[in-house]
file entry-v7.txt (compact mmCIF, C-alpha atoms and all ligand atoms)
# COMPACT_ATOMS: atom_id res chain seq x y z
CA MET A 1 131.04 89.84 129.79
CA ALA A 2 130.19 91.44 126.45
CA ASN A 3 127.05 89.58 125.39
CA ILE A 4 124.79 92.16 123.73
CA LEU A 5 124.88 93.18 120.09
CA HIS A 6 123.24 96.15 118.48
CA ALA A 7 122.68 95.57 114.76
CA ASP A 8 121.72 98.47 112.52
CA MET A 9 121.43 98.60 108.73
CA ASP A 10 123.36 101.45 107.11
CA ALA A 11 121.14 104.15 105.54
CA PHE A 12 118.55 101.39 105.23
CA PHE A 13 115.80 102.82 102.98
CA ALA A 14 118.31 104.60 100.75
CA SER A 15 120.52 101.49 100.51
CA VAL A 16 117.53 99.37 99.49
CA GLU A 17 116.73 101.82 96.69
CA GLN A 18 120.35 101.74 95.51
CA MET A 19 120.32 97.95 95.56
CA ASP A 20 117.02 97.65 93.67
CA GLN A 21 117.91 100.37 91.14
CA PRO A 22 121.57 99.91 90.20
CA GLN A 23 121.63 103.21 88.27
CA LEU A 24 121.31 104.96 91.66
CA ARG A 25 124.49 103.44 93.10
CA GLY A 26 127.13 106.01 93.88
CA LYS A 27 124.57 108.82 93.68
CA PRO A 28 123.10 110.92 96.48
CA VAL A 29 119.76 109.25 97.21
CA MET A 30 117.23 110.56 99.73
CA VAL A 31 114.06 108.77 100.77
CA GLY A 32 111.33 110.64 102.56
CA GLY A 33 108.20 112.71 102.40
CA LEU A 34 108.15 114.56 99.09
CA ALA A 35 105.22 116.82 99.96
CA LYS A 36 105.71 120.41 101.05
CA ARG A 37 106.35 119.67 104.72
CA GLY A 38 108.02 116.32 104.14
CA VAL A 39 111.04 115.09 106.04
CA ILE A 40 113.98 112.94 104.94
CA ALA A 41 113.73 109.44 106.40
CA ALA A 42 117.04 108.14 105.07
CA ALA A 43 119.96 109.61 103.17
CA SER A 44 122.64 107.61 101.36
CA TYR A 45 126.24 108.25 102.35
CA GLU A 46 126.71 110.13 99.06
CA ALA A 47 123.91 112.48 100.14
CA ARG A 48 125.36 112.85 103.63
CA ALA A 49 128.50 114.29 102.05
CA PHE A 50 126.30 117.28 101.12
CA GLY A 51 125.24 117.71 104.75
CA VAL A 52 121.90 115.97 104.38
CA HIS A 53 120.76 113.76 107.26
CA SER A 54 117.60 111.96 108.29
CA ALA A 55 114.96 114.11 110.01
CA MET A 56 115.96 117.10 107.87
CA PRO A 57 113.06 118.84 106.05
CA THR A 58 113.02 117.68 102.44
CA ALA A 59 112.94 121.29 101.24
CA GLN A 60 116.25 121.95 103.00
CA ALA A 61 117.76 118.75 101.57
CA ARG A 62 116.76 119.88 98.06
CA ARG A 63 118.62 123.15 98.60
CA LEU A 64 121.75 121.38 99.90
CA CYS A 65 121.76 118.70 97.23
CA PRO A 66 119.73 119.83 94.20
CA GLN A 67 121.26 117.15 91.98
CA GLY A 68 120.17 114.40 94.39
CA VAL A 69 117.57 111.72 93.73
CA PHE A 70 114.49 112.11 95.96
CA LEU A 71 112.23 109.09 96.38
CA ALA A 72 109.04 108.32 98.29
CA PRO A 73 109.41 105.43 100.74
CA ARG A 74 108.35 101.93 99.70
CA MET A 75 107.61 100.66 103.20
CA ARG A 76 106.34 97.29 102.09
CA ARG A 77 109.62 96.49 100.37
CA TYR A 78 111.57 97.63 103.43
CA ALA A 79 109.38 95.51 105.71
CA GLU A 80 109.96 92.47 103.52
CA LEU A 81 113.74 92.87 103.72
CA SER A 82 113.49 93.64 107.42
CA ALA A 83 111.73 90.32 108.01
CA ARG A 84 114.40 88.49 106.02
CA ILE A 85 117.14 90.10 108.09
CA ARG A 86 115.39 89.30 111.37
CA GLU A 87 115.17 85.65 110.41
CA ILE A 88 118.95 85.67 110.21
CA PHE A 89 119.18 87.13 113.71
CA TYR A 90 117.06 84.29 115.07
CA ARG A 91 119.57 81.74 113.80
CA TYR A 92 122.03 83.06 116.34
CA THR A 93 119.82 83.64 119.36
CA PRO A 94 116.15 83.53 120.33
CA ILE A 95 116.58 86.76 122.30
CA VAL A 96 116.07 89.49 119.72
CA GLU A 97 114.52 92.85 120.51
CA PRO A 98 113.58 94.74 117.35
CA LEU A 99 113.78 98.52 117.73
CA SER A 100 112.64 99.45 114.25
CA LEU A 101 112.62 97.95 110.77
CA ASP A 102 116.39 98.12 110.52
CA GLU A 103 117.66 97.94 114.06
CA ALA A 104 117.66 95.35 116.85
CA TYR A 105 119.37 94.25 120.02
CA LEU A 106 120.49 90.63 120.30
CA ASP A 107 121.52 88.87 123.47
CA VAL A 108 124.05 86.30 122.32
CA GLY A 109 125.43 85.42 125.77
CA ALA A 110 124.01 81.92 125.71
CA SER A 111 125.06 81.35 122.09
CA LEU A 112 128.76 81.94 122.65
CA ARG A 113 129.47 78.28 123.30
CA LEU A 114 127.80 77.33 120.03
CA PHE A 115 129.20 80.00 117.78
CA GLY A 116 132.45 81.21 119.29
CA SER A 117 133.26 84.68 120.54
CA ILE A 118 130.94 87.67 120.35
CA GLY A 119 133.18 89.15 117.67
CA GLU A 120 132.92 85.98 115.58
CA ILE A 121 129.13 85.95 115.94
CA ALA A 122 128.96 89.59 114.88
CA GLU A 123 131.16 88.97 111.83
CA GLN A 124 129.08 85.96 110.79
CA LEU A 125 125.89 87.99 111.21
CA ARG A 126 127.23 90.81 109.08
CA ALA A 127 128.40 88.44 106.36
CA GLU A 128 125.13 86.54 106.30
CA VAL A 129 123.01 89.69 106.16
CA ARG A 130 125.18 91.01 103.34
CA GLU A 131 124.87 87.72 101.45
CA ARG A 132 121.12 87.24 101.87
CA SER A 133 119.90 90.83 101.66
CA GLY A 134 122.66 92.49 99.66
CA LEU A 135 122.91 95.23 102.28
CA ALA A 136 125.51 96.52 104.70
CA MET A 137 124.87 96.31 108.44
CA SER A 138 126.98 97.76 111.21
CA VAL A 139 127.20 95.97 114.53
CA GLY A 140 128.27 97.13 117.97
CA GLY A 141 128.76 94.89 120.96
CA GLY A 142 129.25 95.25 124.68
CA PRO A 143 128.12 94.14 128.11
CA GLY A 144 125.04 96.42 127.98
CA LYS A 145 122.61 97.96 125.54
CA LEU A 146 123.97 101.50 125.81
CA VAL A 147 127.54 100.52 125.03
CA ALA A 148 126.46 98.17 122.23
CA LYS A 149 124.38 100.88 120.57
CA ILE A 150 127.03 103.58 120.80
CA ALA A 151 129.70 101.15 119.57
CA GLY A 152 127.46 100.31 116.60
CA ASN A 153 127.12 104.00 115.76
CA LYS A 154 130.90 104.43 115.93
CA ALA A 155 131.38 101.42 113.63
CA LYS A 156 129.31 102.93 110.80
CA PRO A 157 129.39 102.53 107.88
CA ASP A 158 129.72 98.79 107.33
CA GLY A 159 131.77 98.18 110.45
CA LEU A 160 132.02 96.27 113.69
CA LEU A 161 133.13 97.40 117.13
CA ILE A 162 133.04 95.27 120.28
CA ILE A 163 133.70 96.87 123.67
CA GLU A 164 134.72 94.36 126.33
CA GLU A 165 133.67 94.85 129.92
CA HIS A 166 137.05 96.18 131.08
CA GLU A 167 137.03 98.76 128.26
CA VAL A 168 133.58 100.21 128.97
CA LEU A 169 134.52 103.21 131.11
CA ASP A 170 137.46 104.22 128.88
CA PHE A 171 135.12 104.02 125.91
CA LEU A 172 132.19 105.91 127.42
CA HIS A 173 133.76 108.63 129.50
CA PRO A 174 135.25 110.87 126.78
CA LEU A 175 131.95 110.87 124.83
CA ALA A 176 129.39 113.69 124.90
CA VAL A 177 126.30 113.09 127.05
CA SER A 178 124.20 113.46 123.89
CA GLU A 179 125.47 110.01 122.84
CA ILE A 180 123.19 108.51 125.48
CA TRP A 181 119.90 107.63 123.86
CA GLY A 182 117.17 109.91 125.17
CA VAL A 183 119.43 112.75 126.25
CA GLY A 184 117.94 115.47 124.08
CA PRO A 185 118.56 119.22 123.96
CA ALA A 186 116.57 119.94 127.16
CA THR A 187 118.50 117.44 129.31
CA GLN A 188 121.76 118.50 127.70
CA ALA A 189 121.04 122.13 128.66
CA LYS A 190 120.32 121.17 132.28
CA LEU A 191 123.49 119.10 132.45
CA ARG A 192 125.52 121.88 130.86
CA ALA A 193 124.28 124.25 133.56
CA MET A 194 125.73 121.76 136.09
CA GLY A 195 129.06 121.80 134.23
CA ILE A 196 128.48 118.37 132.72
CA SER A 197 129.10 117.78 129.04
CA THR A 198 130.80 114.38 128.86
CA ILE A 199 129.65 110.98 130.07
CA GLY A 200 132.71 110.92 132.36
CA GLU A 201 131.60 114.15 134.02
CA LEU A 202 128.15 112.67 134.41
CA ALA A 203 129.61 109.62 136.16
CA ALA A 204 131.63 111.87 138.48
CA ALA A 205 128.58 113.95 139.49
CA GLY A 206 126.57 113.09 142.58
CA ALA A 207 123.52 110.91 142.02
CA ALA A 208 121.51 112.98 144.51
CA GLU A 209 122.42 116.20 142.77
CA LEU A 210 121.36 114.71 139.44
CA GLU A 211 118.09 113.55 140.93
CA ALA A 212 117.37 117.05 142.20
CA GLU A 213 117.83 118.45 138.69
CA LEU A 214 116.42 115.67 136.54
CA GLY A 215 114.11 113.63 138.79
CA ARG A 216 114.18 109.84 138.49
CA TRP A 217 116.01 110.09 135.17
CA GLY A 218 119.02 111.54 137.04
CA PRO A 219 120.17 108.44 138.97
CA LEU A 220 119.43 106.26 135.93
CA LEU A 221 121.69 108.40 133.81
CA HIS A 222 124.33 108.35 136.48
CA GLY A 223 124.20 104.56 136.49
CA LEU A 224 124.48 104.32 132.72
CA ALA A 225 127.45 106.70 132.74
CA SER A 226 129.09 104.53 135.40
CA GLY A 227 128.76 101.45 133.22
CA GLU A 228 125.74 100.01 135.03
CA ASP A 229 123.33 98.91 132.37
CA LEU A 230 121.09 96.14 133.59
CA ARG A 231 118.40 96.43 130.98
CA SER A 232 117.85 93.04 129.42
CA VAL A 233 117.10 92.40 125.78
CA GLU A 234 113.34 91.88 125.61
CA CYS A 235 112.18 89.11 123.30
CA ASP A 236 108.79 87.84 122.16
CA ARG A 237 108.58 84.66 124.21
CA GLY A 238 105.40 84.46 126.29
CA ARG A 239 104.03 87.77 125.06
CA LYS A 240 100.37 88.70 125.37
CA SER A 241 100.61 91.06 122.45
CA TYR A 242 102.87 91.81 119.52
CA GLY A 243 103.44 95.39 118.55
CA GLU A 244 105.62 97.55 116.37
CA GLU A 245 105.83 101.28 116.66
CA ASN A 246 108.10 104.11 115.73
CA THR A 247 108.72 107.67 116.77
CA PHE A 248 109.15 109.92 113.78
CA PRO A 249 112.34 111.96 113.68
CA GLU A 250 110.05 114.94 113.10
CA ASP A 251 106.28 115.08 113.29
CA ALA A 252 104.82 113.17 110.37
CA VAL A 253 102.30 115.19 108.37
CA ASP A 254 102.57 113.38 105.07
CA GLU A 255 99.60 110.97 104.80
CA GLU A 256 101.56 108.80 102.39
CA VAL A 257 104.35 108.34 104.91
CA ILE A 258 101.94 107.70 107.80
CA GLU A 259 99.97 105.09 105.87
CA ALA A 260 103.11 103.40 104.53
CA THR A 261 104.45 103.22 108.07
CA ILE A 262 101.22 101.64 109.35
CA ILE A 263 101.42 99.05 106.54
CA ALA A 264 105.05 98.26 107.32
CA HIS A 265 104.31 97.82 111.03
CA ALA A 266 101.40 95.50 110.18
CA HIS A 267 103.65 93.29 108.05
CA THR A 268 106.36 93.18 110.68
CA VAL A 269 103.92 92.23 113.43
CA ALA A 270 102.45 89.53 111.19
CA GLY A 271 105.90 88.11 110.48
CA ARG A 272 106.70 87.89 114.18
CA LEU A 273 103.36 86.20 114.90
CA ARG A 274 103.96 83.61 112.18
CA ARG A 275 107.47 82.95 113.37
CA ASP A 276 106.13 82.10 116.81
CA GLY A 277 103.18 80.11 115.43
CA ARG A 278 100.67 82.55 116.83
CA SER A 279 97.77 84.65 115.61
CA GLY A 280 95.63 87.37 117.15
CA ARG A 281 92.17 88.84 116.89
CA THR A 282 92.41 92.38 118.20
CA VAL A 283 94.15 94.94 115.99
CA THR A 284 95.08 98.14 117.79
CA LEU A 285 96.31 101.31 116.17
CA LYS A 286 98.26 103.60 118.49
CA PHE A 287 99.17 107.15 117.66
CA ARG A 288 100.56 110.11 119.48
CA PRO A 289 99.71 113.44 117.89
CA SER A 290 101.91 116.42 118.47
CA GLY A 291 101.27 120.12 118.29
CA PRO A 292 99.84 122.77 120.56
CA GLY A 293 97.26 121.64 123.07
CA ARG A 294 97.63 117.98 122.28
CA ASP A 295 99.96 117.29 125.12
CA PHE A 296 101.50 114.21 123.48
CA ARG A 297 98.61 112.02 124.59
CA LEU A 298 98.62 108.45 123.30
CA PHE A 299 95.45 107.45 121.45
CA THR A 300 94.45 103.85 120.77
CA ARG A 301 91.79 102.55 118.40
CA SER A 302 90.97 98.83 118.28
CA LYS A 303 88.97 96.38 116.30
CA THR A 304 88.45 92.72 117.11
CA LEU A 305 88.25 90.36 114.15
CA ALA A 306 85.87 87.40 113.85
CA SER A 307 88.76 84.96 113.54
CA PRO A 308 92.46 84.96 114.45
CA CYS A 309 94.82 86.49 111.94
CA ASP A 310 98.54 86.42 111.20
CA ASP A 311 98.34 88.03 107.79
CA GLY A 312 100.10 91.34 107.22
CA LEU A 313 97.72 92.57 104.54
CA GLU A 314 94.65 91.94 106.67
CA ILE A 315 96.19 93.59 109.71
CA ALA A 316 97.27 96.53 107.55
CA GLU A 317 93.77 96.95 106.12
CA VAL A 318 92.19 97.02 109.58
CA ALA A 319 94.80 99.41 110.98
CA LEU A 320 94.47 101.72 107.96
CA ALA A 321 90.68 101.69 108.27
CA LEU A 322 91.02 102.69 111.93
CA TRP A 323 93.30 105.56 110.93
CA ARG A 324 91.08 106.70 108.06
CA ALA A 325 88.05 106.67 110.34
CA GLU A 326 89.62 109.39 112.48
CA THR A 327 87.90 112.72 111.88
CA GLU A 328 91.10 114.63 112.53
CA HIS A 329 94.50 113.73 111.11
CA PRO A 330 96.95 115.74 113.19
CA PRO A 331 100.72 115.60 112.69
CA LEU A 332 101.99 112.45 114.40
CA ARG A 333 104.94 111.97 116.68
CA LEU A 334 104.43 108.22 116.98
CA VAL A 335 102.43 105.50 115.28
CA GLY A 336 102.15 101.81 116.13
CA VAL A 337 100.23 98.65 115.31
CA GLN A 338 99.56 95.91 117.83
CA LEU A 339 97.93 92.51 117.77
CA SER A 340 96.49 91.04 120.95
CA LEU A 341 93.94 88.44 122.07
CA LEU A 342 96.37 85.83 120.88
CA ASP A 343 95.75 82.23 119.95
CA GLY A 344 98.28 79.45 119.98
CA ASN A 345 101.57 79.39 121.77
CA ARG A 346 103.96 77.07 120.10
CA PRO A 347 107.11 76.44 122.08
CA LEU A 348 110.06 78.50 121.02
CA GLN A 349 110.96 77.58 117.44
CA LEU A 350 114.58 76.93 116.76
CA GLY A 351 114.40 75.35 113.33
CA LEU A 352 118.04 75.74 112.52
CA PHE A 353 119.12 73.59 115.37
CA LYS A 354 116.71 70.73 114.78
CA SER A 355 119.01 68.74 112.55
CA GLU A 356 122.13 69.43 114.57
CA GLU A 357 123.91 66.74 116.51
CA SER A 358 122.64 65.93 119.95
CA GLU A 359 125.69 67.41 121.59
CA ARG A 360 124.79 70.75 120.11
CA ARG A 361 121.18 70.30 121.18
CA ASP A 362 122.29 69.69 124.71
CA ALA A 363 124.38 72.82 124.58
CA LEU A 364 121.38 74.72 123.31
CA ASN A 365 119.13 73.39 126.05
CA ARG A 366 121.68 74.47 128.60
CA ALA A 367 121.74 77.84 126.90
CA LEU A 368 117.97 78.12 127.06
CA ASP A 369 117.95 77.16 130.72
CA ASP A 370 120.46 79.85 131.26
CA ILE A 371 118.25 82.35 129.43
CA THR A 372 115.23 81.34 131.49
CA ARG A 373 117.18 81.76 134.70
CA ARG A 374 118.38 85.17 133.72
CA PHE A 375 115.37 86.60 131.96
CA GLY A 376 112.49 84.22 132.68
CA ASP A 377 110.23 86.33 134.83
CA LYS A 378 110.89 89.51 132.98
CA ALA A 379 110.44 87.93 129.57
CA LEU A 380 107.18 86.29 130.62
CA GLN A 381 105.72 89.42 132.12
CA ARG A 382 106.45 91.58 129.16
CA GLY A 383 103.60 92.12 126.80
CA GLU A 384 100.76 94.47 127.62
CA GLY A 385 101.51 98.03 126.91
CA SER A 386 104.80 97.26 125.29
CA ILE A 387 103.79 97.93 121.71
MG MG A 401 119.91 102.17 110.35

call {"tool": "encode", "arguments": {"input": "entry-v7.txt", "output": "structure tokens"}}
result
Amino acid sequence: MANILHADMDAFFASVEQMDQPQLRGKPVMVGGLAKRGVIAAASYEARAFGVHSAMPTAQARRLCPQGVFLAPRMRRYAELSARIREIFYRYTPIVEPLSLDEAYLDVGASLRLFGSIGEIAEQLRAEVRERSGLAMSVGGGPGKLVAKIAGNKAKPDGLLIIEEHEVLDFLHPLAVSEIWGVGPATQAKLRAMGISTIGELAAAGAAELEAELGRWGPLLHGLASGEDLRSVECDRGRKSYGEENTFPEDAVDEEVIEATIIAHAHTVAGRLRRDGRSGRTVTLKFRPSGPGRDFRLFTRSKTLASPCDDGLEIAEVALALWRAETEHPPLRLVGVQLSLLDGNRPLQLGLFKSEESERRDALNRALDDITRRFGDKALQRGEGSI
């Protein structure tokens, strides 16, 4: 059954700028690092028509689109809108797994009885996000995360595409292997050497042969290509820590971008803590430098506060101080902020449903039981190390 949605805002940072500054609407807008080695974080669809895309060096974008508007990111504003959008998600299901400020998986399987079909839920979500944030969001749906995410990408901009279970193989098999998240140039080259370029060819290959070439990743890929996608949507319930992190499309060297990202993560973590009625004392900054000799090691720096905190500004200040205290500031591949040593554990909040009729409450309780049966152990064990 198709029960998983992937929701993704269209050209998020650039769309926010066009919404906040109406004179920018219809113009090519690029948001990113403006310093010498800066990288584009988001490009409006008008800018994409010039061949600009996210992760492109800003210098190259300026050559392609000299008449474009180039803006530094305002991460705090994006985090604020991100929190507003996530609140909408939680009206439809408690099982939300945020992937970044503008992207999340939702498991709506247990909400179908309350809200109708998965397509109806997705349409309502899109309409409500548009109404309350002013922004366009594309949604993909399917029986697994991979299909939902690819469908969402195909639906862009401002679209919706649901792939039902019986359509999965027909949908996946003609696509290039690079559509599978995590299949980068190196894996693509290995697969190409085996004569594999489409997901269908990947499914037809032998799992053992793939394992010999790609290690443990091989059989996993084979399973995904065959429509086996058992990864559940991981939500916050029962967590021991709350974290947000991101991998930069290209190594981040711009201090302004790094610090703005840390601030945005701090605000997002704080919002999730408050939503669940929790607070935490230990702030951890995680970062993964890149570059020669650094070996992509993950560094963590922590500070434990005197009293529990759920305030984004305070978390941001601590995380920024940890970053600024580093003697070296190498280019970063990844940065994250995590809160642990948590206080309080209010039962799952479902404010929207409180005033609903008892029949609906019963349906919801059944839905929650269903969720617990399906995800209970996994959801409860998740936490440590999952920033
Ligand atoms: Mg997006």

call {"tool": "closest_residue", "arguments": {"input": "entry-v7.txt", "among": "A:Gly144, A:Ile4, A:Gly206, A:Arg333", "to": "Ser111 (chain A)", "atoms": "all atoms listed in the file"}}
result
A:Ile4

call {"tool": "closest_residue", "arguments": {"input": "entry-v7.txt", "among": "A:Ser133, A:Gln18, A:Ser117, A:Asn153", "to": "ligand MG 401 (chain A)", "atoms": "all atoms listed in the file"}}
result
A:Asn153

call {"tool": "closest_atom_pairs", "arguments": {"input": "entry-v7.txt", "of": "chain A", "to": "ligand MG 401 (chain A)", "cutoff": "6 Å", "atoms": "all atoms listed in the file", "output": "CSV"}}
result
residue,atom,partner,partner_atom,distance
A:Asp8,CA,A:MG401,MG,4.7
A:Met9,CA,A:MG401,MG,4.2
A:Asp10,CA,A:MG401,MG,4.8
A:Ala11,CA,A:MG401,MG,5.3
A:Phe12,CA,A:MG401,MG,5.4
A:Asp102,CA,A:MG401,MG,5.4

call {"tool": "residues_around", "arguments": {"input": "entry-v7.txt", "residues": "Tyr45 (chain A)", "least_positions_apart": "4", "cutoff": "9 Å", "atoms": "only C-alpha atoms", "output": "PDB file with C-alpha atoms, in the frame of the given file"}}
result
ATOM      1  CA  ASP A  10     123.360 101.450 107.110  1.00  0.00           C
ATOM      2  CA  ALA A  11     121.140 104.150 105.540  1.00  0.00           C
ATOM      3  CA  ALA A  14     118.310 104.600 100.750  1.00  0.00           C
ATOM      4  CA  GLY A  26     127.130 106.010  93.880  1.00  0.00           C
ATOM      5  CA  LYS A  27     124.570 108.820  93.680  1.00  0.00           C
ATOM      6  CA  PRO A  28     123.100 110.920  96.480  1.00  0.00           C
ATOM      7  CA  VAL A  29     119.760 109.250  97.210  1.00  0.00           C
ATOM      8  CA  ALA A  49     128.500 114.290 102.050  1.00  0.00           C
ATOM      9  CA  PRO A 157     129.390 102.530 107.880  1.00  0.00           C
TER      10      PRO A 157
END

call {"tool": "closest_residue", "arguments": {"input": "entry-v7.txt", "among": "A:Ala225, A:Asp311, A:Glu165, A:Met137", "to": "Ile180 (chain A)", "atoms": "only C-alpha atoms"}}
result
A:Ala225

call {"tool": "closest_residue", "arguments": {"input": "entry-v7.txt", "among": "A:Ala306, A:Ile40, A:Ile263, A:Leu332", "to": "Met75 (chain A)", "atoms": "all atoms listed in the file"}}
result
A:Ile263

call {"tool": "atom_distance", "arguments": {"input": "entry-v7.txt", "atom1": "CA of Leu34 (chain A)", "atom2": "CA of Thr58 (chain A)"}}
result
6.7 Å

call {"tool": "closest_residue", "arguments": {"input": "entry-v7.txt", "among": "A:Phe13, A:Arg288, A:Tyr242, A:Val39", "to": "Ala136 (chain A)", "atoms": "all atoms listed in the file"}}
result
A:Phe13

call {"tool": "closest_residue", "arguments": {"input": "entry-v7.txt", "among": "A:Leu160, A:Arg77, A:Val69, A:Ser178", "to": "Gln23 (chain A)", "atoms": "only C-alpha atoms"}}
result
A:Val69

call {"tool": "atom_distance", "arguments": {"input": "entry-v7.txt", "atom1": "CA of Pro66 (chain A)", "atom2": "CA of Met30 (chain A)"}}
result
11.1 Å

call {"tool": "residues_near_point", "arguments": {"input": "entry-v7.txt", "point": "(136.4, 100.1, 129.6)", "cutoff": "12 Å", "atoms": "all atoms listed in the file", "output": "PyMOL selection string"}}
result
chain A and resi 1-2+142-143+147+162-174+200+225-228

call {"tool": "write_last_selection", "arguments": {"input": "entry-v7.txt", "atoms": "C-alpha atoms", "output": "tab-separated table (two decimals), in the coordinates of the input"}}
result
chain	number	residue	atom	x	y	z
A	1	MET	CA	131.04	89.84	129.79
A	2	ALA	CA	130.19	91.44	126.45
A	142	GLY	CA	129.25	95.25	124.68
A	143	PRO	CA	128.12	94.14	128.11
A	147	VAL	CA	127.54	100.52	125.03
A	162	ILE	CA	133.04	95.27	120.28
A	163	ILE	CA	133.70	96.87	123.67
A	164	GLU	CA	134.72	94.36	126.33
A	165	GLU	CA	133.67	94.85	129.92
A	166	HIS	CA	137.05	96.18	131.08
A	167	GLU	CA	137.03	98.76	128.26
A	168	VAL	CA	133.58	100.21	128.97
A	169	LEU	CA	134.52	103.21	131.11
A	170	ASP	CA	137.46	104.22	128.88
A	171	PHE	CA	135.12	104.02	125.91
A	172	LEU	CA	132.19	105.91	127.42
A	173	HIS	CA	133.76	108.63	129.50
A	174	PRO	CA	135.25	110.87	126.78
A	200	GLY	CA	132.71	110.92	132.36
A	225	ALA	CA	127.45	106.70	132.74
A	226	SER	CA	129.09	104.53	135.40
A	227	GLY	CA	128.76	101.45	133.22
A	228	GLU	CA	125.74	100.01	135.03

call {"tool": "residues_around", "arguments": {"input": "entry-v7.txt", "residues": "His267 (chain A)", "least_positions_apart": "5", "cutoff": "10 Å", "atoms": "only C-alpha atoms", "output": "PDB file with C-alpha atoms, in the frame of the given file"}}
result
ATOM      1  CA  MET A  75     107.610 100.660 103.200  1.00  0.00           C
ATOM      2  CA  ARG A  76     106.340  97.290 102.090  1.00  0.00           C
ATOM      3  CA  ALA A  79     109.380  95.510 105.710  1.00  0.00           C
ATOM      4  CA  GLU A  80     109.960  92.470 103.520  1.00  0.00           C
ATOM      5  CA  SER A  82     113.490  93.640 107.420  1.00  0.00           C
ATOM      6  CA  ALA A  83     111.730  90.320 108.010  1.00  0.00           C
ATOM      7  CA  GLU A 244     105.620  97.550 116.370  1.00  0.00           C
ATOM      8  CA  THR A 261     104.450 103.220 108.070  1.00  0.00           C
ATOM      9  CA  ILE A 262     101.220 101.640 109.350  1.00  0.00           C
ATOM     10  CA  ARG A 272     106.700  87.890 114.180  1.00  0.00           C
ATOM     11  CA  LEU A 273     103.360  86.200 114.900  1.00  0.00           C
ATOM     12  CA  ASP A 310      98.540  86.420 111.200  1.00  0.00           C
ATOM     13  CA  ASP A 311      98.340  88.030 107.790  1.00  0.00           C
ATOM     14  CA  GLY A 312     100.100  91.340 107.220  1.00  0.00           C
ATOM     15  CA  LEU A 313      97.720  92.570 104.540  1.00  0.00           C
ATOM     16  CA  GLU A 314      94.650  91.940 106.670  1.00  0.00           C
ATOM     17  CA  ILE A 315      96.190  93.590 109.710  1.00  0.00           C
ATOM     18  CA  ALA A 316      97.270  96.530 107.550  1.00  0.00           C
ATOM     19  CA  VAL A 337     100.230  98.650 115.310  1.00  0.00           C
TER      20      VAL A 337
END

call {"tool": "atom_distance", "arguments": {"input": "entry-v7.txt", "atom1": "CA of Glu250 (chain A)", "atom2": "CA of Val31 (chain A)"}}
result
14.4 Å

call {"tool": "residues_around", "arguments": {"input": "entry-v7.txt", "residues": "Leu285 (chain A)", "least_positions_apart": "2", "cutoff": "6 Å", "atoms": "only C-alpha atoms", "output": "VMD selection string"}}
result
chain A and resid 300 to 301 319 336 to 337

call {"tool": "residues_around", "arguments": {"input": "entry-v7.txt", "residues": "Pro331 (chain A)", "least_positions_apart": "3", "cutoff": "7 Å", "atoms": "only C-alpha atoms", "output": "ChimeraX atom specification"}}
result
/A:251-253,289-290

call {"tool": "build_atoms", "arguments": {"input": "entry-v7.txt", "residues": "region 315-326 of chain A", "atoms": "N, CA and C atoms", "output": "PDB file, in the coordinates of the input"}}
result
ATOM      1  N   ILE A 315      95.932  92.699 108.567  1.00  0.00           N
ATOM      2  CA  ILE A 315      96.190  93.590 109.710  1.00  0.00           C
ATOM      3  C   ILE A 315      96.352  95.025 109.219  1.00  0.00           C
ATOM      4  N   ALA A 316      97.056  95.179 108.099  1.00  0.00           N
ATOM      5  CA  ALA A 316      97.270  96.530 107.550  1.00  0.00           C
ATOM      6  C   ALA A 316      95.939  97.169 107.169  1.00  0.00           C
ATOM      7  N   GLU A 317      95.067  96.378 106.546  1.00  0.00           N
ATOM      8  CA  GLU A 317      93.770  96.950 106.120  1.00  0.00           C
ATOM      9  C   GLU A 317      92.968  97.428 107.321  1.00  0.00           C
ATOM     10  N   VAL A 318      92.958  96.627 108.389  1.00  0.00           N
ATOM     11  CA  VAL A 318      92.190  97.020 109.580  1.00  0.00           C
ATOM     12  C   VAL A 318      92.804  98.262 110.217  1.00  0.00           C
ATOM     13  N   ALA A 319      94.135  98.268 110.342  1.00  0.00           N
ATOM     14  CA  ALA A 319      94.800  99.410 110.980  1.00  0.00           C
ATOM     15  C   ALA A 319      94.601 100.682 110.153  1.00  0.00           C
ATOM     16  N   LEU A 320      94.679 100.546 108.833  1.00  0.00           N
ATOM     17  CA  LEU A 320      94.470 101.720 107.960  1.00  0.00           C
ATOM     18  C   LEU A 320      93.039 102.223 108.075  1.00  0.00           C
ATOM     19  N   ALA A 321      92.081 101.279 108.146  1.00  0.00           N
ATOM     20  CA  ALA A 321      90.680 101.690 108.270  1.00  0.00           C
ATOM     21  C   ALA A 321      90.480 102.446 109.585  1.00  0.00           C
ATOM     22  N   LEU A 322      91.135 101.994 110.641  1.00  0.00           N
ATOM     23  CA  LEU A 322      91.020 102.690 111.930  1.00  0.00           C
ATOM     24  C   LEU A 322      91.570 104.114 111.805  1.00  0.00           C
ATOM     25  N   TRP A 323      92.698 104.231 111.112  1.00  0.00           N
ATOM     26  CA  TRP A 323      93.300 105.560 110.930  1.00  0.00           C
ATOM     27  C   TRP A 323      92.407 106.455 110.075  1.00  0.00           C
ATOM     28  N   ARG A 324      91.896 105.884 108.978  1.00  0.00           N
ATOM     29  CA  ARG A 324      91.080 106.700 108.060  1.00  0.00           C
ATOM     30  C   ARG A 324      89.761 107.109 108.688  1.00  0.00           C
ATOM     31  N   ALA A 325      89.316 106.338 109.686  1.00  0.00           N
ATOM     32  CA  ALA A 325      88.050 106.670 110.340  1.00  0.00           C
ATOM     33  C   ALA A 325      88.192 107.855 111.296  1.00  0.00           C
ATOM     34  N   GLU A 326      89.417 108.244 111.592  1.00  0.00           N
ATOM     35  CA  GLU A 326      89.620 109.390 112.480  1.00  0.00           C
ATOM     36  C   GLU A 326      89.143 110.663 111.784  1.00  0.00           C
TER      37      GLU A 326
END
